[in-house]
>>> print(open('coords30.txt').read())   # compact mmCIF, C-alpha atoms
# COMPACT_ATOMS: atom_id res chain seq x y z
CA MET A 30 0.00 0.00 0.00
CA THR A 31 1.40 3.40 -0.97
CA HIS A 32 1.86 5.98 1.75
CA ALA A 33 2.35 9.70 1.33
CA ALA A 34 5.51 10.62 3.16
CA VAL A 35 6.01 13.26 5.82
CA GLY A 36 9.68 13.90 6.49
CA LEU A 37 10.64 14.57 10.10
CA TRP A 38 14.31 15.46 10.35
CA ILE A 39 16.33 16.09 13.47
CA LEU A 40 19.54 18.06 13.00
CA SER A 41 21.54 16.65 14.97
CA ALA A 42 18.47 14.56 14.18
CA VAL A 43 16.11 14.14 11.22
CA ILE A 44 12.75 12.33 10.77
CA CYS A 45 10.66 11.63 7.62
CA VAL A 46 6.88 10.94 7.71
CA GLY A 47 4.73 9.50 4.83
CA ARG A 48 1.11 9.02 3.54
CA GLY A 49 0.15 5.78 5.01
CA HIS A 50 -5.52 8.83 14.49
CA LEU A 51 -5.18 10.72 20.32
CA PRO A 52 -7.84 12.88 21.59
CA GLY A 53 -8.24 16.45 20.34
CA HIS A 54 -5.78 19.14 21.31
CA GLY A 55 -7.74 21.92 22.87
CA PRO A 56 -6.29 25.29 23.80
CA PRO A 57 -4.25 25.46 27.01
CA GLY A 58 -6.49 25.40 30.03
CA HIS A 59 -6.61 28.42 32.32
CA GLY A 60 -5.93 27.61 35.95
CA LYS A 61 -7.72 29.25 38.84
CA ASP A 62 -4.83 31.65 39.23
CA GLN A 63 -1.46 32.43 37.78
CA ASP A 64 0.45 30.65 40.53
CA THR A 65 -1.35 27.41 39.76
CA ALA A 66 -0.49 27.79 36.09
CA LEU A 67 3.15 28.50 36.90
CA ASP A 68 3.31 25.51 39.24
CA GLY A 69 1.86 23.36 36.50
CA LEU A 70 4.40 24.60 33.96
CA ALA A 71 7.26 24.03 36.40
CA ASN A 72 6.03 20.48 36.96
CA SER A 73 5.76 19.90 33.20
CA LEU A 74 9.29 21.20 32.69
CA SER A 75 10.56 18.86 35.39
CA VAL A 76 8.76 15.86 33.90
CA VAL A 77 9.95 16.63 30.36
CA THR A 78 13.61 17.12 31.33
CA SER A 79 13.56 14.00 33.50
CA ALA A 80 11.95 12.01 30.70
CA ASN A 81 14.52 13.35 28.24
CA LYS A 82 17.37 12.04 30.39
CA GLY A 83 15.84 8.59 30.63
CA PHE A 84 15.12 8.54 26.89
CA ALA A 85 18.73 9.62 26.21
CA TYR A 86 20.24 6.56 27.88
CA ARG A 87 17.72 4.14 26.39
CA LEU A 88 18.40 5.52 22.91
CA TYR A 89 22.15 5.44 23.54
CA MET A 90 22.05 1.74 24.46
CA LYS A 91 20.14 0.94 21.27
CA LEU A 92 22.62 2.92 19.14
CA ALA A 93 25.55 1.30 20.95
CA ALA A 94 24.18 -2.17 20.29
CA HIS A 95 23.97 -1.38 16.59
CA ALA A 96 27.36 0.35 16.45
CA ASP A 97 29.56 -1.96 18.55
CA SER A 98 29.84 -4.62 15.88
CA GLU A 99 31.21 -1.99 13.51
CA GLY A 100 33.51 -0.24 15.99
CA LYS A 101 31.97 3.15 15.25
CA ASN A 102 31.86 6.35 17.26
CA ILE A 103 28.46 7.37 18.59
CA PHE A 104 27.24 10.94 18.79
CA PHE A 105 23.68 12.23 18.86
CA SER A 106 21.38 14.81 20.44
CA PRO A 107 18.75 13.10 22.60
CA TYR A 108 17.17 16.47 23.29
CA SER A 109 16.79 17.30 19.60
CA VAL A 110 15.35 13.85 18.90
CA SER A 111 12.86 14.44 21.74
CA VAL A 112 11.86 17.82 20.31
CA ALA A 113 11.20 16.33 16.87
CA LEU A 114 9.19 13.39 18.17
CA ALA A 115 7.23 15.64 20.54
CA ALA A 116 6.42 17.91 17.59
CA LEU A 117 5.29 14.86 15.64
CA SER A 118 3.08 13.79 18.55
CA VAL A 119 1.08 17.00 18.08
CA GLY A 120 -0.36 15.40 14.95
CA ALA A 121 -0.57 11.83 16.26
CA ARG A 122 -3.72 10.21 17.56
CA GLY A 123 -4.79 7.01 19.34
CA GLU A 124 -2.25 4.22 19.74
CA THR A 125 0.34 6.04 17.62
CA HIS A 126 0.26 8.95 20.08
CA ARG A 127 0.37 6.60 23.08
CA GLN A 128 3.49 4.91 21.71
CA LEU A 129 5.23 8.23 21.09
CA PHE A 130 4.49 9.44 24.62
CA SER A 131 5.47 6.12 26.18
CA VAL A 132 8.87 5.86 24.49
CA LEU A 133 9.64 9.52 25.17
CA GLY A 134 8.90 8.88 28.85
CA PHE A 135 5.75 11.01 29.12
CA ASN A 136 2.91 9.53 31.16
CA ASN A 137 -0.40 10.01 29.35
CA SER A 138 -2.29 10.02 32.63
CA LEU A 139 -0.10 12.78 34.10
CA MET A 140 0.70 14.95 31.07
CA THR A 141 -1.45 16.19 28.22
CA GLN A 142 -0.14 17.14 24.80
CA THR A 143 -0.61 20.78 25.79
CA ASP A 144 1.59 20.26 28.89
CA VAL A 145 4.35 18.84 26.70
CA ASP A 146 4.00 21.60 24.11
CA GLN A 147 4.23 24.32 26.76
CA ALA A 148 7.28 22.71 28.37
CA PHE A 149 9.18 22.56 25.09
CA GLN A 150 8.10 26.12 24.30
CA MET A 151 9.68 27.28 27.56
CA LEU A 152 12.87 25.27 27.00
CA LEU A 153 13.30 26.56 23.45
CA LYS A 154 12.51 30.12 24.50
CA THR A 155 15.08 29.97 27.31
CA THR A 156 17.83 28.68 25.02
CA ASN A 157 17.22 31.08 22.16
CA GLY A 158 16.52 34.07 24.37
CA THR A 159 19.13 34.01 27.12
CA SER A 160 21.99 31.74 26.03
CA GLN A 161 25.42 33.31 26.07
CA GLU A 162 26.68 30.56 23.82
CA ASP A 163 26.62 30.52 20.06
CA THR A 164 23.56 28.29 20.28
CA SER A 165 20.27 28.04 18.45
CA GLU A 166 17.55 25.44 18.25
CA GLY A 167 14.10 25.15 16.78
CA THR A 168 12.03 23.43 14.12
CA ALA A 169 10.89 24.00 10.54
CA VAL A 170 8.13 22.50 8.45
CA PHE A 171 8.27 22.27 4.65
CA VAL A 172 4.87 21.50 3.09
CA ASP A 173 4.14 20.49 -0.49
CA ASN A 174 1.86 22.94 -2.31
CA ARG A 175 -0.60 20.12 -3.08
CA PHE A 176 -0.89 19.01 0.54
CA LYS A 177 -3.29 20.61 3.02
CA ALA A 178 -2.10 20.34 6.63
CA GLN A 179 -4.37 20.99 9.59
CA PRO A 180 -4.07 24.69 10.58
CA GLU A 181 -4.10 23.72 14.28
CA PHE A 182 -1.10 21.44 13.75
CA LEU A 183 0.93 24.12 11.99
CA GLU A 184 -0.05 26.77 14.56
CA THR A 185 1.05 24.59 17.49
CA LEU A 186 4.39 23.93 15.78
CA LYS A 187 4.83 27.66 15.26
CA GLN A 188 3.87 28.70 18.80
CA SER A 189 5.34 25.89 20.89
CA TYR A 190 8.21 24.54 18.76
CA PHE A 191 9.27 27.82 17.10
CA ALA A 192 8.70 26.31 13.68
CA ASP A 193 9.48 28.21 10.50
CA GLY A 194 6.97 27.34 7.77
CA PHE A 195 7.63 26.96 4.05
CA ASN A 196 5.51 25.93 1.05
CA LEU A 197 7.41 24.14 -1.73
CA ASP A 198 6.64 22.43 -5.01
CA PHE A 199 7.91 18.92 -4.24
CA THR A 200 7.49 17.95 -7.90
CA GLN A 201 10.56 20.15 -8.41
CA THR A 202 12.66 17.64 -6.53
CA THR A 203 16.08 19.22 -7.00
CA ASP A 204 14.96 22.79 -6.26
CA SER A 205 13.06 21.64 -3.16
CA ALA A 206 16.09 19.70 -1.91
CA ASN A 207 18.32 22.73 -2.47
CA THR A 208 15.95 24.96 -0.50
CA ILE A 209 15.87 22.53 2.42
CA ASN A 210 19.65 22.01 2.37
CA LYS A 211 20.28 25.76 2.33
CA TYR A 212 18.03 26.23 5.36
CA VAL A 213 19.80 23.41 7.21
CA GLU A 214 23.23 24.81 6.40
CA GLU A 215 22.27 28.26 7.68
CA LYS A 216 20.74 26.96 10.92
CA THR A 217 23.75 24.75 11.73
CA ASN A 218 26.35 27.34 10.68
CA GLY A 219 27.54 25.08 7.89
CA LYS A 220 28.16 22.05 10.12
CA ILE A 221 25.48 20.06 8.28
CA ASP A 222 25.47 21.29 4.70
CA LYS A 223 23.56 18.57 2.88
CA LEU A 224 20.55 16.76 4.23
CA VAL A 225 18.91 15.40 1.10
CA ASP A 226 19.95 14.73 -2.49
CA SER A 227 16.41 15.00 -3.83
CA VAL A 228 12.88 15.01 -2.47
CA ASP A 229 10.98 11.72 -2.50
CA PRO A 230 7.91 12.19 -4.76
CA ASN A 231 5.70 10.51 -2.12
CA THR A 232 6.74 13.03 0.51
CA VAL A 233 4.18 15.69 1.37
CA MET A 234 5.84 17.27 4.40
CA TYR A 235 9.28 17.52 6.00
CA LEU A 236 9.46 18.41 9.68
CA ILE A 237 12.95 19.38 10.82
CA SER A 238 14.32 19.85 14.33
CA TYR A 239 17.76 21.43 14.56
CA ILE A 240 20.21 22.37 17.27
CA TYR A 241 23.52 24.17 16.90
CA PHE A 242 25.87 24.54 19.83
CA LYS A 243 29.26 26.21 20.00
CA GLY A 244 30.83 26.30 23.44
CA LYS A 245 34.00 28.02 24.56
CA TRP A 246 35.90 26.42 27.43
CA ALA A 247 35.81 28.43 30.64
CA THR A 248 39.57 27.81 30.67
CA PRO A 249 40.89 27.34 27.10
CA PHE A 250 43.73 24.98 26.23
CA ASP A 251 47.03 26.49 25.05
CA PRO A 252 47.60 25.39 21.42
CA LYS A 253 51.35 25.44 22.07
CA LEU A 254 50.96 22.49 24.44
CA THR A 255 49.11 20.33 21.89
CA LYS A 256 51.39 17.48 20.77
CA GLU A 257 51.05 14.34 18.68
CA ASP A 258 50.32 11.31 20.83
CA ILE A 259 48.89 7.79 20.62
CA PHE A 260 45.26 6.80 21.15
CA MET A 261 44.55 3.15 21.99
CA VAL A 262 41.43 2.20 20.02
CA ASP A 263 41.76 -1.35 21.36
CA GLU A 264 44.49 -3.78 22.39
CA ASN A 265 45.66 -4.17 18.81
CA THR A 266 44.94 -0.76 17.29
CA LYS A 267 46.81 2.48 17.92
CA VAL A 268 46.16 5.73 16.07
CA PRO A 269 47.97 9.09 16.16
CA VAL A 270 46.08 12.05 17.60
CA GLN A 271 46.73 15.68 18.41
CA MET A 272 46.57 15.63 22.22
CA MET A 273 45.67 18.83 24.05
CA ASN A 274 47.14 19.37 27.51
CA MET A 275 46.40 21.58 30.49
CA GLU A 276 47.41 21.67 34.14
CA GLU A 277 44.63 23.37 36.05
CA ARG A 278 42.08 22.94 38.83
CA PHE A 279 39.21 20.71 37.68
CA ASP A 280 36.16 19.04 39.17
CA THR A 281 36.62 15.27 38.99
CA TYR A 282 35.15 12.11 40.44
CA TYR A 283 36.32 8.51 40.45
CA ASP A 284 33.48 6.04 40.62
CA ARG A 285 34.92 2.90 42.22
CA ALA A 286 31.72 0.92 41.65
CA ILE A 287 32.26 0.97 37.88
CA ASN A 288 35.95 1.99 37.75
CA THR A 289 35.32 5.16 35.79
CA SER A 290 37.01 8.57 35.97
CA VAL A 291 34.75 11.57 35.40
CA LEU A 292 36.06 14.99 34.32
CA HIS A 293 33.86 18.08 34.36
CA LEU A 294 34.83 20.71 31.76
CA PRO A 295 32.59 23.79 32.01
CA PHE A 296 31.98 26.15 29.13
CA ASP A 297 31.89 29.90 29.82
CA SER A 298 28.13 29.79 30.48
CA SER A 299 25.63 27.33 31.93
CA TYR A 300 26.71 24.45 29.66
CA SER A 301 29.15 21.69 30.60
CA MET A 302 30.88 18.69 29.10
CA LEU A 303 31.40 15.53 31.09
CA LEU A 304 34.12 13.16 29.88
CA LEU A 305 33.87 9.60 31.20
CA LEU A 306 36.95 7.38 31.08
CA PRO A 307 36.19 3.77 32.12
CA ASP A 308 38.46 0.81 32.69
CA ASP A 309 35.89 -1.22 30.78
CA MET A 310 33.47 0.51 28.41
CA SER A 311 30.77 -2.19 28.58
CA THR A 312 30.67 -1.90 32.39
CA LEU A 313 30.09 1.86 32.14
CA GLU A 314 27.49 1.52 29.37
CA ASN A 315 25.51 -1.10 31.27
CA ALA A 316 25.48 1.03 34.42
CA ILE A 317 25.12 4.63 33.27
CA SER A 318 21.83 6.33 34.07
CA PRO A 319 20.59 9.78 35.10
CA ALA A 320 21.16 8.83 38.73
CA TYR A 321 24.86 8.23 38.07
CA VAL A 322 25.33 11.64 36.47
CA THR A 323 23.49 13.31 39.35
CA LYS A 324 25.77 11.52 41.81
CA TRP A 325 28.94 12.50 39.96
CA LEU A 326 28.01 16.16 39.78
CA LYS A 327 27.09 16.19 43.47
CA TRP A 328 30.21 14.49 44.80
CA MET A 329 32.91 15.91 42.53
CA THR A 330 35.97 17.39 44.19
CA THR A 331 38.15 20.22 42.90
CA ARG A 332 41.91 19.80 42.69
CA THR A 333 44.77 20.36 40.29
CA HIS A 334 45.05 17.80 37.48
CA ASP A 335 47.25 17.41 34.45
CA ILE A 336 44.73 16.50 31.76
CA TYR A 337 45.18 15.28 28.19
CA ILE A 338 42.28 15.29 25.71
CA PRO A 339 42.49 14.55 21.97
CA LYS A 340 41.33 17.08 19.41
CA PHE A 341 38.73 15.48 17.22
CA SER A 342 35.94 16.12 14.76
CA ILE A 343 33.24 13.51 14.18
CA LYS A 344 30.05 13.40 12.14
CA SER A 345 27.38 10.76 12.59
CA SER A 346 24.27 9.87 10.66
CA TYR A 347 21.58 7.40 11.69
CA THR A 348 18.36 6.07 10.27
CA LEU A 349 16.40 5.50 13.46
CA ASN A 350 13.43 3.54 12.08
CA ASP A 351 14.56 0.15 13.44
CA VAL A 352 15.81 1.59 16.73
CA LEU A 353 12.58 3.47 17.46
CA THR A 354 10.51 0.46 16.42
CA GLU A 355 12.46 -1.70 18.90
CA MET A 356 11.87 0.93 21.59
CA GLY A 357 8.09 0.80 21.00
CA MET A 358 7.25 3.34 18.25
CA ALA A 359 6.18 0.75 15.71
CA ASP A 360 2.81 1.98 14.47
CA MET A 361 3.91 5.32 13.01
CA PHE A 362 5.98 3.59 10.30
CA GLY A 363 3.22 1.45 8.77
CA ASP A 364 -0.41 0.95 7.88
CA ARG A 365 -1.50 1.40 11.49
CA ALA A 366 -0.09 4.94 11.70
CA ASP A 367 -2.65 7.46 12.94
CA LEU A 368 -1.39 10.95 12.07
CA SER A 369 -4.80 12.40 11.37
CA GLY A 370 -3.94 15.46 13.46
CA ILE A 371 -1.52 16.48 10.68
CA SER A 372 -4.04 16.15 7.85
CA ASP A 373 -7.33 14.57 6.83
CA VAL A 374 -5.38 12.74 4.13
CA LYS A 375 -5.67 9.01 4.69
CA LYS A 376 -2.69 6.70 4.99
CA LEU A 377 -0.18 9.18 6.33
CA ALA A 378 2.83 7.45 7.91
CA VAL A 379 6.43 8.07 8.91
CA SER A 380 8.76 6.97 6.14
CA ASP A 381 12.14 7.60 7.78
CA VAL A 382 13.65 8.95 10.95
CA VAL A 383 17.12 10.22 10.15
CA HIS A 384 19.53 11.72 12.66
CA GLN A 385 22.66 13.73 11.84
CA ALA A 386 25.05 15.14 14.42
CA THR A 387 28.54 16.61 14.50
CA LEU A 388 31.04 17.35 17.24
CA ASP A 389 34.29 19.32 17.03
CA VAL A 390 36.59 19.61 20.04
CA ASP A 391 39.66 21.83 20.01
CA GLU A 392 41.67 24.14 22.26
CA ALA A 393 39.05 26.89 22.23
CA GLY A 394 36.05 24.70 23.01
CA ALA A 395 33.49 22.38 21.44
CA THR A 396 31.15 22.82 18.53
CA ALA A 397 28.25 20.44 18.09
CA ALA A 398 25.30 20.56 15.68
CA ALA A 399 22.72 18.84 17.75
CA VAL A 400 38.03 6.72 24.64
CA THR A 401 44.42 0.21 29.90
CA GLY A 402 44.23 0.95 33.34
CA ILE A 403 42.57 3.72 35.20
CA GLY A 404 43.17 7.09 33.63
CA ILE A 405 44.57 8.65 36.78
CA THR A 406 48.20 8.10 37.71
CA LEU A 407 50.51 10.01 40.00
CA LEU A 408 53.66 11.75 38.91
CA SER A 409 55.62 11.08 42.05
CA PHE A 410 57.88 14.09 41.86
CA ARG A 411 54.97 16.55 41.47
CA GLN A 412 52.07 14.76 43.15
CA ILE A 413 49.67 16.04 40.48
CA PRO A 414 47.19 13.45 39.18
CA VAL A 415 47.28 12.83 35.43
CA LEU A 416 44.02 12.20 33.62
CA LYS A 417 44.69 11.13 30.03
CA PHE A 418 41.91 10.36 27.58
CA ASN A 419 44.00 8.11 25.34
CA ARG A 420 41.49 5.27 25.00
CA PRO A 421 37.73 5.05 24.30
CA PHE A 422 35.64 7.41 26.41
CA MET A 423 32.10 8.79 26.64
CA VAL A 424 31.04 12.42 26.33
CA VAL A 425 27.92 14.18 27.62
CA ILE A 426 27.00 17.84 27.07
CA THR A 427 24.41 19.20 29.49
CA GLU A 428 22.78 22.47 30.45
CA ARG A 429 23.38 22.79 34.17
CA ASN A 430 20.32 24.86 35.11
CA THR A 431 17.74 22.63 33.42
CA GLU A 432 19.88 19.44 33.38
CA ARG A 433 18.92 18.96 29.73
CA MET A 434 20.93 16.30 27.87
CA LEU A 435 21.88 18.19 24.72
CA PHE A 436 24.38 15.69 23.31
CA MET A 437 25.73 12.27 24.18
CA GLY A 438 28.22 9.90 22.61
CA LYS A 439 31.17 7.55 22.70
CA ILE A 440 34.54 8.21 21.09
CA ILE A 441 36.08 4.93 19.98
CA ASN A 442 38.47 6.43 17.44
CA PRO A 443 38.99 10.22 17.27
CA ASN A 444 40.21 9.88 13.68
CA LEU A 445 36.97 8.40 12.28
>>> encode(input="coords30.txt", output="structure tokens")
Amino acid sequence: MTHAAVGLWILSAVICVGRGHLPGHGPPGHGKDQDTALDGLANSLSVVTSANKGFAYRLYMKLAAHADSEGKNIFFSPYSVSVALAALSVGARGETHRQLFSVLGFNNSLMTQTDVDQAFQMLLKTTNGTSQEDTSEGTAVFVDNRFKAQPEFLETLKQSYFADGFNLDFTQTTDSANTINKYVEEKTNGKIDKLVDSVDPNTVMYLISYIYFKGKWATPFDPKLTKEDIFMVDENTKVPVQMMNMEERFDTYYDRAINTSVLHLPFDSSYSMLLLLPDDMSTLENAISPAYVTKWLKWMTTRTHDIYIPKFSIKSSYTLNDVLTEMGMADMFGDRADLSGISDVKKLAVSDVVHQATLDVDEAGATAAAVTGIGITLLSFRQIPVLKFNRPFMVVITERNTERMLFMGKIINPNL
């Protein structure tokens, strides 16, 4: 059976939806007073950010299972994926909507679609309005001229998900692709410059979620101290890397339960990078959860360390159809998809969920468009601990005030 396609793309993550039903979305309810409304919004924000963290680790484990056999790096934006899927849920109905909410970690009995929309509106408004970083995030919807979307769906995307709207002639496949790619390139400052080669003729809508982040270290590395060094990919594979070095006071934690060193590198704002260096990567991956990160941040101690971190630039691309299906979002990809909140057109279904993400780390900071023995040794004559990231490690970028998980990944080989 032929489905019309709706493309949902997430930059750092991208999703496509195609022609292939949740209760109506009424206007936000007015509480008895403003305090009640504010309390409700605060609760929704808390639930959404907590759900995002849980979703991040579940999605990471699925991506790791698919990537381990190929020895690939992992890097993605769980927050951007959540934004895109939440935006899609605005147009989902029935069991399709229930599956979206369930996998994202939202409890249908505790949160309405309006609660979720308002929470993401606040998060997006905070980032785009007050961030000191070179950071932007939002959504965009490209609609084929022949396709009539529900006005309520488009209005909610505009108001709550800061969506830019565009009408295109998808029969002009090359021109439409060029328009979309140009938009993507501008929004990610050139980090993702080509999303599609041509538009699928069955596609009637592309919904894009993007995030661009450029962070400057609170304490930059001195380029003069960067030297060539060796990175141990595994017992049999060594690769050359440009290793940055700094001796400074850092917040660190050593988790004896899972033999993992944790380094906190703050940016010059409310964003931070956590670098996790385990003795055994599988032990860390099987254990890591939001509770671990909370514990590390709470119990970190500050002292002088001599740290070594490789410069690297990675770009990842995923088709998430199989992963999301395994996680429980099966209906939206097939004949059972109910996306009637997007349009009255029958047989509308998700065709592809595609995720693209990049990460650049150098002496000045990190740019992202959403690795034998313990890493600490003592130099006896100086008594300054050395923390050297010269084997596979994990990376997490968070916003400290909201605890949002912006990016997450695993660096197996900095040269890939």
>>> closest_residue(input="coords30.txt", among="A:Leu139, A:Leu183, A:Met151, A:Ala94", to="A:Gly370", atoms="only C-alpha atoms")
A:Leu183
>>> atom_distance(input="coords30.txt", atom1="atom CA of A:Ala286", atom2="atom CA of A:Met434")
23.3 Å
>>> closest_residue(input="coords30.txt", among="A:Arg87, A:Lys267, A:Arg175, A:Arg332", to="A:Val415", atoms="all atoms listed in the file")
A:Arg332
>>> residues_near_point(input="coords30.txt", point="(12.2, 17.8, 18.0)", cutoff="8 Å", atoms="all atoms listed in the file", output="list in words")
Ile39, Tyr108, Ser109, Val110, Ser111, Val112, Ala113, Leu114, Ala115, Ala116, Leu117, Gly167, Thr168, Tyr190, Ile237, Ser238 and Tyr239 of chain A
>>> residues_around(input="coords30.txt", residues="A:Asn419", least_positions_apart="4", cutoff="8 Å", atoms="all atoms listed in the file", output="list in words")
Ile259, Phe260, Met261, Tyr337, Ile338, Pro339 and Val400 of chain A
>>> atom_distance(input="coords30.txt", atom1="atom CA of A:Gln147", atom2="atom CA of A:Leu74")
8.4 Å
